[in-house]
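The file data_24.txt contains compact mmCIF, C-alpha atoms:
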```
# COMPACT_ATOMS: atom_id res chain seq x y z
CA MET A 1 26.49 2.34 -35.91
CA GLU A 2 26.75 -1.46 -36.24
CA ARG A 3 29.14 -3.94 -37.86
CA THR A 4 26.67 -4.38 -40.71
CA SER A 5 26.39 -0.63 -41.36
CA PRO A 6 27.67 0.46 -44.80
CA ILE A 7 31.11 2.05 -44.86
CA THR A 8 29.58 5.28 -46.21
CA GLU A 9 28.16 5.96 -42.73
CA LEU A 10 31.68 6.88 -41.62
CA LYS A 11 32.65 10.52 -41.67
CA ASN A 12 34.63 11.56 -44.80
CA VAL A 13 33.79 8.37 -46.75
CA GLY A 14 32.04 9.55 -49.91
CA GLU A 15 31.07 7.58 -52.99
CA GLN A 16 34.53 7.68 -54.61
CA ARG A 17 36.40 6.61 -51.50
CA ALA A 18 33.79 3.92 -50.85
CA LYS A 19 34.54 2.46 -54.31
CA LYS A 20 38.26 2.39 -53.53
CA LEU A 21 37.61 0.74 -50.18
CA GLN A 22 35.42 -1.86 -51.91
CA ARG A 23 38.44 -2.81 -54.03
CA MET A 24 40.02 -3.93 -50.73
CA GLY A 25 36.89 -5.92 -49.82
CA ILE A 26 35.67 -3.25 -47.38
CA GLU A 27 31.95 -2.58 -47.75
CA THR A 28 30.74 -2.50 -44.13
CA ILE A 29 32.04 -1.32 -40.77
CA GLY A 30 32.67 -4.99 -39.90
CA ASP A 31 34.83 -5.41 -43.03
CA LEU A 32 36.85 -2.37 -41.99
CA LEU A 33 37.36 -3.67 -38.43
CA GLU A 34 38.63 -6.96 -39.90
CA HIS A 35 41.04 -5.20 -42.29
CA TYR A 36 43.96 -6.00 -40.03
CA PRO A 37 47.40 -4.31 -40.18
CA ARG A 38 50.17 -6.04 -42.13
CA ASP A 39 52.85 -4.35 -40.02
CA TYR A 40 53.40 -1.85 -37.20
CA LYS A 41 55.74 1.07 -36.65
CA ASP A 42 56.84 1.82 -33.12
CA ARG A 43 56.52 5.57 -32.70
CA SER A 44 56.39 5.42 -28.94
CA ARG A 45 60.06 6.44 -28.65
CA LEU A 46 60.48 10.19 -29.24
CA THR A 47 63.75 11.78 -30.41
CA LYS A 48 64.94 15.35 -30.04
CA ILE A 49 65.67 17.26 -33.27
CA ALA A 50 69.37 17.55 -32.35
CA ASP A 51 69.57 13.73 -32.16
CA LEU A 52 67.72 12.83 -35.39
CA SER A 53 69.26 9.89 -37.30
CA GLU A 54 69.94 9.59 -41.03
CA THR A 55 69.73 5.80 -40.92
CA ASP A 56 66.47 5.27 -39.02
CA GLU A 57 62.96 6.65 -39.16
CA ASN A 58 62.53 9.29 -36.46
CA THR A 59 59.50 10.38 -34.46
CA PHE A 60 59.74 13.77 -32.78
CA LEU A 61 57.65 16.60 -31.35
CA ALA A 62 58.18 20.04 -32.87
CA ARG A 63 56.55 23.45 -33.05
CA VAL A 64 55.88 25.13 -36.42
CA LYS A 65 57.96 28.28 -37.04
CA GLY A 66 56.12 30.77 -39.22
CA GLU A 67 54.37 30.01 -42.51
CA GLY A 68 55.52 27.60 -45.20
CA GLN A 69 57.51 28.90 -48.20
CA THR A 70 56.79 27.67 -51.73
CA GLY A 71 59.05 27.54 -54.79
CA ARG A 72 59.75 25.64 -57.99
CA ARG A 73 62.47 23.26 -59.18
CA GLY A 74 61.95 22.49 -62.85
CA ARG A 75 58.49 20.94 -63.13
CA LEU A 76 58.24 20.37 -59.40
CA THR A 77 56.77 22.78 -56.92
CA PHE A 78 57.94 22.51 -53.34
CA THR A 79 56.80 23.68 -49.93
CA ARG A 80 59.36 24.23 -47.20
CA LEU A 81 58.54 24.64 -43.51
CA GLN A 82 60.72 25.19 -40.45
CA VAL A 83 59.96 23.42 -37.16
CA PHE A 84 61.86 23.49 -33.87
CA ASP A 85 62.11 22.10 -30.35
CA ASP A 86 64.25 23.05 -27.36
CA THR A 87 67.39 21.52 -28.94
CA ASP A 88 67.41 22.60 -32.61
CA GLU A 89 65.32 23.25 -35.71
CA ILE A 90 64.93 21.40 -39.02
CA THR A 91 63.41 21.92 -42.48
CA LEU A 92 60.40 19.89 -43.64
CA LEU A 93 59.92 19.56 -47.40
CA TRP A 94 56.96 18.50 -49.57
CA TYR A 95 56.89 18.27 -53.37
CA ASN A 96 53.78 19.10 -55.42
CA GLN A 97 51.70 19.58 -52.28
CA PRO A 98 51.11 23.38 -52.20
CA TYR A 99 48.34 22.98 -49.62
CA MET A 100 51.03 22.15 -47.03
CA LYS A 101 51.87 25.87 -46.89
CA THR A 102 48.83 26.42 -44.66
CA ALA A 103 48.04 22.85 -43.50
CA LEU A 104 50.24 23.21 -40.42
CA LYS A 105 49.56 26.23 -38.21
CA SER A 106 52.38 28.50 -37.01
CA GLY A 107 53.04 28.07 -33.29
CA GLU A 108 51.22 24.71 -33.09
CA VAL A 109 52.94 21.52 -31.91
CA TYR A 110 52.80 18.37 -34.08
CA LEU A 111 54.15 14.83 -33.90
CA PHE A 112 56.30 14.21 -36.99
CA THR A 113 57.71 10.94 -38.36
CA GLY A 114 60.22 10.69 -41.20
CA ARG A 115 63.79 10.00 -42.26
CA MET A 116 66.31 12.83 -42.09
CA GLN A 117 68.73 13.62 -44.91
CA LYS A 118 71.54 16.15 -45.25
CA LYS A 119 71.58 18.23 -48.42
CA TYR A 120 73.68 21.31 -49.19
CA ASN A 121 74.74 21.44 -45.51
CA ARG A 122 71.07 21.58 -44.55
CA ARG A 123 69.16 18.96 -42.58
CA GLU A 124 65.69 18.21 -43.94
CA ILE A 125 62.93 15.62 -43.88
CA VAL A 126 60.94 14.98 -47.07
CA SER A 127 57.18 14.31 -46.78
CA PRO A 128 57.05 13.44 -43.08
CA GLU A 129 53.87 12.00 -41.62
CA TYR A 130 52.34 14.24 -38.99
CA GLU A 131 49.49 14.48 -36.53
CA SER A 132 48.23 17.33 -34.40
CA ILE A 133 48.97 17.15 -30.68
CA LYS A 134 46.25 17.81 -28.16
CA ASP A 135 46.72 19.03 -24.59
CA ASN A 136 46.39 15.50 -23.19
CA PHE A 137 49.20 14.08 -25.34
CA ALA A 138 50.88 11.28 -23.40
CA GLY A 139 53.61 10.25 -25.84
CA GLY A 140 53.99 8.49 -29.17
CA ARG A 141 52.33 5.18 -30.01
CA ILE A 142 52.59 1.97 -32.01
CA VAL A 143 51.14 2.79 -35.43
CA PRO A 144 49.45 0.23 -37.75
CA VAL A 145 50.40 -0.15 -41.43
CA TYR A 146 47.60 -1.52 -43.63
CA PRO A 147 47.30 -3.20 -47.04
CA SER A 148 45.97 -0.40 -49.23
CA VAL A 149 45.22 0.82 -52.77
CA ASP A 150 45.99 4.06 -54.66
CA GLY A 151 43.93 6.92 -53.35
CA ILE A 152 43.56 5.53 -49.82
CA SER A 153 46.48 6.63 -47.65
CA GLN A 154 47.62 5.07 -44.40
CA LYS A 155 46.52 8.22 -42.62
CA MET A 156 42.99 7.87 -44.06
CA LEU A 157 42.75 4.22 -43.06
CA ARG A 158 43.92 4.98 -39.54
CA SER A 159 41.40 7.80 -39.16
CA TYR A 160 38.58 5.56 -40.49
CA LEU A 161 39.57 2.79 -38.06
CA GLU A 162 39.78 5.19 -35.12
CA GLU A 163 36.32 6.57 -35.92
CA ALA A 164 34.81 3.09 -36.47
CA LEU A 165 36.26 1.76 -33.21
CA LYS A 166 34.95 4.81 -31.36
CA GLN A 167 31.46 4.25 -32.83
CA VAL A 168 31.25 0.53 -31.95
CA SER A 169 33.17 0.76 -28.67
CA GLY A 170 31.86 -1.74 -26.13
CA THR A 171 29.15 -3.10 -28.46
CA LEU A 172 31.01 -5.92 -30.25
CA THR A 173 29.35 -9.29 -29.70
CA GLU A 174 31.40 -11.89 -27.85
CA GLU A 175 31.51 -15.10 -29.94
CA LEU A 176 33.55 -17.15 -27.47
CA PRO A 177 31.87 -18.60 -24.36
CA LEU A 178 33.22 -17.19 -21.09
CA TRP A 179 34.46 -20.60 -19.91
CA ILE A 180 36.63 -20.95 -23.02
CA ARG A 181 38.06 -17.46 -22.57
CA LYS A 182 38.88 -18.27 -18.94
CA LYS A 183 40.36 -21.67 -19.74
CA TYR A 184 42.70 -20.31 -22.43
CA HIS A 185 43.28 -16.88 -20.83
CA LEU A 186 41.90 -14.98 -23.82
CA ALA A 187 41.30 -11.24 -24.00
CA GLU A 188 37.80 -9.76 -24.28
CA LYS A 189 36.54 -9.05 -27.84
CA ASN A 190 36.34 -5.24 -27.68
CA PHE A 191 39.82 -5.04 -26.12
CA ALA A 192 41.22 -7.36 -28.83
CA GLN A 193 39.61 -5.47 -31.72
CA THR A 194 40.97 -2.13 -30.48
CA ASN A 195 44.47 -3.34 -29.65
CA ILE A 196 45.02 -5.22 -32.89
CA HIS A 197 44.70 -1.87 -34.66
CA PHE A 198 46.10 0.55 -32.08
CA PRO A 199 48.00 -1.45 -29.46
CA ARG A 200 48.62 0.45 -26.26
CA THR A 201 51.66 -1.71 -25.55
CA GLU A 202 53.51 -4.59 -27.19
CA GLU A 203 51.94 -6.96 -24.65
CA ALA A 204 48.43 -5.66 -25.49
CA PHE A 205 49.11 -6.38 -29.19
CA TYR A 206 50.12 -9.99 -28.51
CA ASP A 207 47.10 -10.53 -26.24
CA ALA A 208 44.80 -9.12 -28.95
CA ARG A 209 46.40 -11.16 -31.72
CA ARG A 210 46.27 -14.40 -29.72
CA ARG A 211 42.59 -13.86 -28.98
CA LEU A 212 41.64 -13.11 -32.62
CA VAL A 213 43.70 -16.01 -34.03
CA PHE A 214 42.09 -18.40 -31.52
CA GLU A 215 38.61 -17.08 -32.42
CA GLU A 216 39.22 -17.51 -36.16
CA PHE A 217 40.36 -21.11 -35.78
CA PHE A 218 37.61 -21.85 -33.24
CA LEU A 219 34.85 -20.57 -35.55
CA LEU A 220 36.34 -22.36 -38.57
CA GLN A 221 36.60 -25.62 -36.63
CA THR A 222 33.03 -25.24 -35.34
CA ALA A 223 31.77 -24.60 -38.88
CA LEU A 224 33.61 -27.66 -40.20
CA PHE A 225 32.26 -29.88 -37.43
CA SER A 226 28.80 -28.50 -38.17
CA LEU A 227 29.31 -29.37 -41.84
CA ARG A 228 30.47 -32.83 -40.82
CA GLU A 229 27.31 -33.35 -38.77
CA GLU A 230 25.29 -32.21 -41.78
CA LEU A 231 27.09 -34.71 -44.03
CA LEU A 232 26.55 -37.50 -41.52
CA GLY A 233 22.90 -36.51 -41.28
CA ARG A 234 22.31 -36.93 -45.00
CA GLY A 235 21.41 -40.54 -44.50
CA SER A 236 22.92 -43.97 -44.20
CA GLY A 237 26.11 -44.79 -46.01
CA ILE A 238 26.50 -47.69 -48.40
CA VAL A 239 27.38 -50.89 -46.53
CA MET A 240 30.05 -52.65 -48.58
CA GLU A 241 30.05 -56.43 -48.41
CA HIS A 242 32.73 -59.00 -49.25
CA PRO A 243 35.70 -57.32 -47.46
CA GLU A 244 37.78 -60.26 -48.66
CA ALA A 245 37.94 -58.37 -51.99
CA ILE A 246 40.61 -56.14 -50.42
CA ASP A 247 42.82 -59.19 -49.81
CA GLU A 248 42.16 -60.41 -53.36
CA PHE A 249 43.30 -57.07 -54.74
CA GLN A 250 46.46 -57.04 -52.60
CA LYS A 251 47.40 -60.47 -54.00
CA SER A 252 47.15 -59.07 -57.54
CA LEU A 253 49.70 -56.34 -56.79
CA PRO A 254 53.32 -56.81 -57.91
CA PHE A 255 54.47 -55.76 -54.43
CA SER A 256 53.48 -56.23 -50.81
CA MET A 257 51.71 -53.42 -48.98
CA THR A 258 53.43 -51.90 -45.93
CA ASN A 259 51.98 -52.27 -42.45
CA ALA A 260 51.03 -48.56 -42.55
CA GLN A 261 49.03 -49.10 -45.77
CA LYS A 262 47.29 -52.14 -44.27
CA LYS A 263 46.43 -50.16 -41.13
CA VAL A 264 44.82 -47.37 -43.21
CA LEU A 265 42.95 -49.95 -45.31
CA SER A 266 41.52 -51.47 -42.14
CA GLU A 267 40.30 -48.00 -41.09
CA ILE A 268 38.68 -47.54 -44.51
CA ALA A 269 37.09 -51.01 -44.29
CA ALA A 270 35.65 -50.16 -40.86
CA ASP A 271 34.12 -46.96 -42.32
CA MET A 272 32.68 -48.64 -45.41
CA THR A 273 30.99 -51.41 -43.44
CA SER A 274 29.70 -49.19 -40.61
CA GLY A 275 26.50 -48.00 -42.27
CA LYS A 276 27.75 -44.40 -42.09
CA ILE A 277 29.15 -42.29 -44.94
CA MET A 278 32.95 -42.47 -44.94
CA SER A 279 34.70 -39.07 -45.08
CA ARG A 280 38.40 -39.82 -44.68
CA LEU A 281 41.66 -38.05 -45.43
CA VAL A 282 44.67 -40.24 -46.22
CA GLN A 283 47.90 -38.34 -45.70
CA GLY A 284 51.32 -39.64 -46.67
CA ASP A 285 54.55 -38.58 -48.36
CA VAL A 286 55.04 -38.97 -52.09
CA GLY A 287 55.83 -42.65 -52.66
CA SER A 288 54.15 -43.87 -49.47
CA GLY A 289 51.47 -45.72 -51.46
CA LYS A 290 48.32 -43.61 -51.09
CA THR A 291 47.21 -44.46 -54.64
CA ALA A 292 47.50 -48.20 -53.99
CA VAL A 293 45.27 -47.79 -50.92
CA ALA A 294 42.75 -45.81 -53.01
CA MET A 295 42.87 -48.54 -55.68
CA ALA A 296 42.10 -51.24 -53.11
CA ALA A 297 39.10 -49.25 -51.82
CA ALA A 298 37.91 -48.63 -55.41
CA TYR A 299 38.28 -52.32 -56.32
CA TRP A 300 36.20 -53.28 -53.28
CA ALA A 301 33.44 -50.79 -54.18
CA ILE A 302 33.40 -52.13 -57.77
CA GLN A 303 33.12 -55.72 -56.54
CA ASN A 304 30.00 -54.58 -54.68
CA GLY A 305 28.44 -53.40 -57.95
CA TYR A 306 29.29 -49.69 -57.60
CA GLN A 307 31.35 -47.25 -59.62
CA ALA A 308 34.39 -45.47 -58.17
CA VAL A 309 35.53 -42.04 -59.37
CA LEU A 310 38.85 -40.26 -58.80
CA MET A 311 39.18 -36.48 -59.31
CA ALA A 312 42.70 -35.07 -59.85
CA PRO A 313 43.66 -31.37 -59.96
CA THR A 314 45.41 -31.38 -63.36
CA GLU A 315 45.10 -33.23 -66.67
CA VAL A 316 48.66 -34.54 -66.36
CA LEU A 317 47.88 -36.12 -62.98
CA ALA A 318 44.53 -37.42 -64.20
CA GLU A 319 46.25 -39.11 -67.16
CA GLN A 320 48.93 -40.59 -64.86
CA HIS A 321 46.27 -41.97 -62.52
CA GLY A 322 44.26 -43.24 -65.49
CA LYS A 323 47.27 -45.15 -66.79
CA SER A 324 48.07 -46.63 -63.34
CA PHE A 325 44.49 -47.77 -62.74
CA THR A 326 44.17 -49.26 -66.24
CA GLU A 327 47.40 -51.27 -65.85
CA LEU A 328 46.13 -52.89 -62.64
CA PHE A 329 42.36 -52.99 -63.27
CA ALA A 330 42.20 -54.10 -66.93
CA PRO A 331 43.66 -57.59 -66.19
CA LEU A 332 40.98 -57.89 -63.47
CA GLY A 333 38.18 -57.21 -65.98
CA ILE A 334 37.47 -53.64 -64.83
CA GLU A 335 37.02 -50.91 -67.44
CA VAL A 336 38.60 -47.54 -66.66
CA ALA A 337 37.30 -44.32 -68.30
CA LEU A 338 39.27 -41.06 -68.47
CA LEU A 339 37.37 -37.75 -68.49
CA THR A 340 39.15 -34.41 -68.96
CA GLY A 341 38.23 -30.99 -70.33
CA SER A 342 40.53 -31.17 -73.36
CA MET A 343 39.17 -34.47 -74.74
CA LYS A 344 37.83 -34.38 -78.30
CA ALA A 345 34.04 -34.30 -78.60
CA LYS A 346 33.78 -37.89 -79.88
CA GLU A 347 36.03 -39.28 -77.11
CA LYS A 348 34.07 -37.39 -74.50
CA ARG A 349 30.70 -38.64 -75.81
CA GLU A 350 31.93 -42.22 -75.70
CA ALA A 351 33.31 -41.82 -72.17
CA LEU A 352 30.08 -40.17 -70.93
CA ALA A 353 27.98 -42.98 -72.41
CA LYS A 354 30.10 -45.65 -70.68
CA ILE A 355 29.91 -43.74 -67.37
CA ALA A 356 26.13 -43.35 -67.63
CA ASP A 357 25.35 -46.99 -68.45
CA GLY A 358 27.85 -48.44 -65.95
CA THR A 359 30.21 -49.98 -68.51
CA ALA A 360 32.98 -47.82 -67.04
CA GLN A 361 33.32 -48.96 -63.45
CA MET A 362 36.36 -46.83 -62.59
CA ILE A 363 36.30 -43.17 -63.70
CA VAL A 364 39.37 -40.95 -63.51
CA GLY A 365 39.36 -37.28 -64.45
CA THR A 366 39.85 -33.62 -63.66
CA HIS A 367 37.13 -31.31 -62.33
CA ALA A 368 35.34 -32.33 -65.56
CA VAL A 369 33.91 -35.24 -63.53
CA ILE A 370 31.68 -32.83 -61.56
CA GLN A 371 30.44 -30.80 -64.54
CA LYS A 372 26.82 -30.70 -65.64
CA GLY A 373 25.98 -33.39 -68.14
CA VAL A 374 28.07 -36.06 -66.40
CA GLU A 375 25.61 -38.75 -65.28
CA TYR A 376 26.81 -41.72 -63.26
CA HIS A 377 25.24 -45.15 -63.18
CA LYS A 378 25.87 -45.94 -59.50
CA ILE A 379 28.65 -44.17 -57.56
CA GLY A 380 29.80 -45.91 -54.40
CA LEU A 381 33.18 -44.25 -53.77
CA VAL A 382 34.51 -40.76 -54.49
CA ILE A 383 38.30 -40.19 -54.33
CA THR A 384 39.96 -36.77 -54.63
CA ASP A 385 43.66 -36.10 -55.03
CA GLU A 386 44.11 -32.87 -53.07
CA GLN A 387 47.36 -31.75 -54.66
CA HIS A 388 46.02 -28.22 -55.02
CA ARG A 389 43.32 -28.47 -52.32
CA PHE A 390 39.93 -29.15 -53.73
CA GLY A 391 37.61 -27.39 -51.33
CA VAL A 392 34.80 -28.87 -49.28
CA ARG A 393 32.35 -27.59 -51.89
CA GLN A 394 34.02 -29.45 -54.77
CA ARG A 395 34.18 -32.69 -52.80
CA SER A 396 30.53 -32.20 -51.92
CA MET A 397 29.56 -31.56 -55.57
CA LEU A 398 31.23 -34.81 -56.59
CA ALA A 399 29.58 -36.73 -53.75
CA GLU A 400 26.20 -35.33 -54.79
CA LYS A 401 26.54 -37.14 -58.14
CA GLY A 402 25.57 -40.30 -56.26
CA GLU A 403 23.43 -41.33 -53.30
CA ASN A 404 25.58 -40.98 -50.18
CA PRO A 405 28.81 -42.40 -51.66
CA HIS A 406 31.87 -42.82 -49.46
CA VAL A 407 34.51 -40.08 -49.75
CA LEU A 408 38.29 -40.60 -49.66
CA VAL A 409 40.76 -37.70 -49.93
CA MET A 410 44.48 -38.13 -50.63
CA THR A 411 47.15 -35.54 -49.81
CA ALA A 412 50.94 -35.60 -49.88
CA THR A 413 51.21 -32.30 -48.00
CA PRO A 414 52.86 -32.92 -44.62
CA ILE A 415 50.33 -31.34 -42.27
CA PRO A 416 50.65 -31.45 -38.48
CA ARG A 417 47.69 -33.32 -37.07
CA THR A 418 46.28 -30.27 -35.26
CA LEU A 419 46.41 -28.22 -38.46
CA ALA A 420 44.92 -31.08 -40.48
CA LEU A 421 41.97 -31.07 -38.07
CA ILE A 422 41.43 -27.42 -39.00
CA LEU A 423 41.98 -27.72 -42.77
CA TYR A 424 39.99 -30.94 -43.09
CA GLY A 425 37.64 -30.73 -40.12
CA ASP A 426 34.92 -32.44 -42.13
CA LEU A 427 37.10 -35.57 -42.52
CA ASP A 428 38.55 -38.32 -40.35
CA ILE A 429 42.32 -38.61 -40.72
CA SER A 430 44.53 -41.58 -41.58
CA ILE A 431 48.31 -41.28 -41.92
CA ILE A 432 50.61 -43.53 -43.93
CA ASP A 433 53.79 -43.00 -41.93
CA GLU A 434 55.96 -45.66 -43.55
CA LEU A 435 57.63 -45.80 -46.97
CA PRO A 436 57.93 -49.08 -48.93
CA PRO A 437 61.41 -50.64 -48.81
```
Would you write the structure of this file as structure tokens?
Amino acid sequence: MERTSPITELKNVGEQRAKKLQRMGIETIGDLLEHYPRDYKDRSRLTKIADLSETDENTFLARVKGEGQTGRRGRLTFTRLQVFDDTDEITLLWYNQPYMKTALKSGEVYLFTGRMQKKYNRREIVSPEYESIKDNFAGGRIVPVYPSVDGISQKMLRSYLEEALKQVSGTLTEELPLWIRKKYHLAEKNFAQTNIHFPRTEEAFYDARRRLVFEEFFLLQTALFSLREELLGRGSGIVMEHPEAIDEFQKSLPFSMTNAQKKVLSEIAADMTSGKIMSRLVQGDVGSGKTAVAMAAAYWAIQNGYQAVLMAPTEVLAEQHGKSFTELFAPLGIEVALLTGSMKAKEKREALAKIADGTAQMIVGTHAVIQKGVEYHKIGLVITDEQHRFGVRQRSMLAEKGENPHVLVMTATPIPRTLALILYGDLDISIIDELPP
């Protein structure tokens, strides 16, 4: 059995159960192995029946006493079973599960888990979880709790995982180079995969988790760097001339830019004159002046004969940006076009015509700017406002509307630099760390 094997190759997974597992995104053995627990229950500490608690969940070993008794309470049927250890005995109770009368064998020992309650001067546990105890039983264990759907119990999921891990034991491919594992003291893959599901100890769980978290970030980062190399390999970027246009634009502003804004602008200018395609994230708090920086870059691209386009996540934001750009660009002789999904047909036709023939030099809109039918005259700069995280794909779709345009991404989300490298690994990062007075 391999990671790519269909889930139906597992014992007791028929067509109906396979459909329910698919609802959880589990179609292969690999999907099942990566269906990680959302919580754990520590059942490694065993309690005697005489010491069972009403306030906590208890795990205890007990032997079945005789056969289960069935009865009825109104519409409910019940099955009652007595179990005992060397300190006391207790009643186990199941409702509408008549098969429990014979499910547990008289004289056999089982590991039970449940919450005790006192009723009519009788101690009982309703619907306890249980598992058969073999001769080599060495104590309780830490038990995983999984995200699930109706019809797939925790017990089923655990049994499927146990079987899958047994089948692939020792065969899981190691994605991380040995030198990285040694450098960061990371557990081996097969150990990690087993102990994330069924940790032998608390320490084994943390070792497994650390290894799998590291691997996930490592693979994501590698993929993003690979994507970045691919983007850089698409060809030469547009070399923008007349950098003095940035100073001209700053003079037209009704305020002075902060040193942090000027620093980021110099980084953008270096990118846009380098001959490579700029892919830069500008991060800064609300009010730090990211939009003014984007405007300066857009003005510069327009002075070089190119169009600039800004994509915002909502119509409200697109309209706000459209108004801001128009107020500053119109007096400078630059026409701004707004493009959103809710525009009337006539307005949209007019906007599309101006975008296609180059009359509109600055285009502001929602995701409508990347839809089919939107033709640009000559895009030089693509700006996205990441307020709800446009993905790499959406940024790429917008960039593909032109021939290797520069890409600028704005975000107000305060992201630690290390995390930003993971979320935006395909971008260089600039930070506006100063607010205007």
How far is it from CA of Tyr306 in chain A to CA of Ala245 in chain A, in Å with one decimal?
->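 CA of Ala245 in chain A lies at a distance of 13.5 Å from CA of Tyr306 in chain A.
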Selection near range 85-97 of chain A, 10 Å with only C-alpha atoms, sequence-local residues under 5 positions removed, as an MDAnalysis selection string | chainID A and resid 48:52 60:65 68:73 75:80 109 112 114 116 122:128
Interatomic distance (Å, one decimal) between CA of Arg209 in chain A and CA of Glu162 in chain A |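 Computing it gives 18.0 Å between the two atoms.
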Selection near Ala308 in chain A, 7 Å with only C-alpha atoms, sequence-local residues under 2 positions removed, as a list in words | Ala298, Ala301, Ile302, Tyr306, Leu310, Gln361, Met362, Ile363, Ile379, Gly380, Leu381 and Val382 of chain A
Just how far from CA of Ala164 in chain A is CA of Phe218 in chain A, in Å to one decimal?
-> 25.3 Å
Rank nothing, just name the residue among A:Glu229, A:Thr171, A:Gln193, A:Leu219 nearest to Asp207 in chain A, using all atoms listed in the file.
->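 Of all the options, A:Gln193 lies closest to Asp207 in chain A.
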Shell of 9 Å around Asn12 in chain A, all atoms listed in the file, local chain residues under 4 positions omitted, as an MDAnalysis selection string | chainID A and resid 8 17 160
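Minimum distance to Val143 in chain A across A:Gln221, A:Ser256, A:Gln167, A:Thr59 (counting all atoms listed in the file) occurs at A:Thr59.
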From the set A:Glu163, A:Arg38, A:Val168, A:Leu212, which residue has the shortest atom-to-atom contact distance to Thr4 in chain A, counting only C-alpha atoms?
->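 Smallest separation from Thr4 in chain A among the options: A:Val168.
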For range 213-216 of chain A, work out the shell of residues within 8 Å, counting all atoms listed in the file and skipping chain neighbours fewer than 4 positions away, then give it as a VMD selection string.
-> chain A and resid 175 to 176 209 220
Proximity to Lys118 in chain A - best of A:Ser53, A:Gln154, A:Ser169, A:Gly25, all atoms listed in the file |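 For Lys118 in chain A, the nearest of the candidates is A:Ser53.
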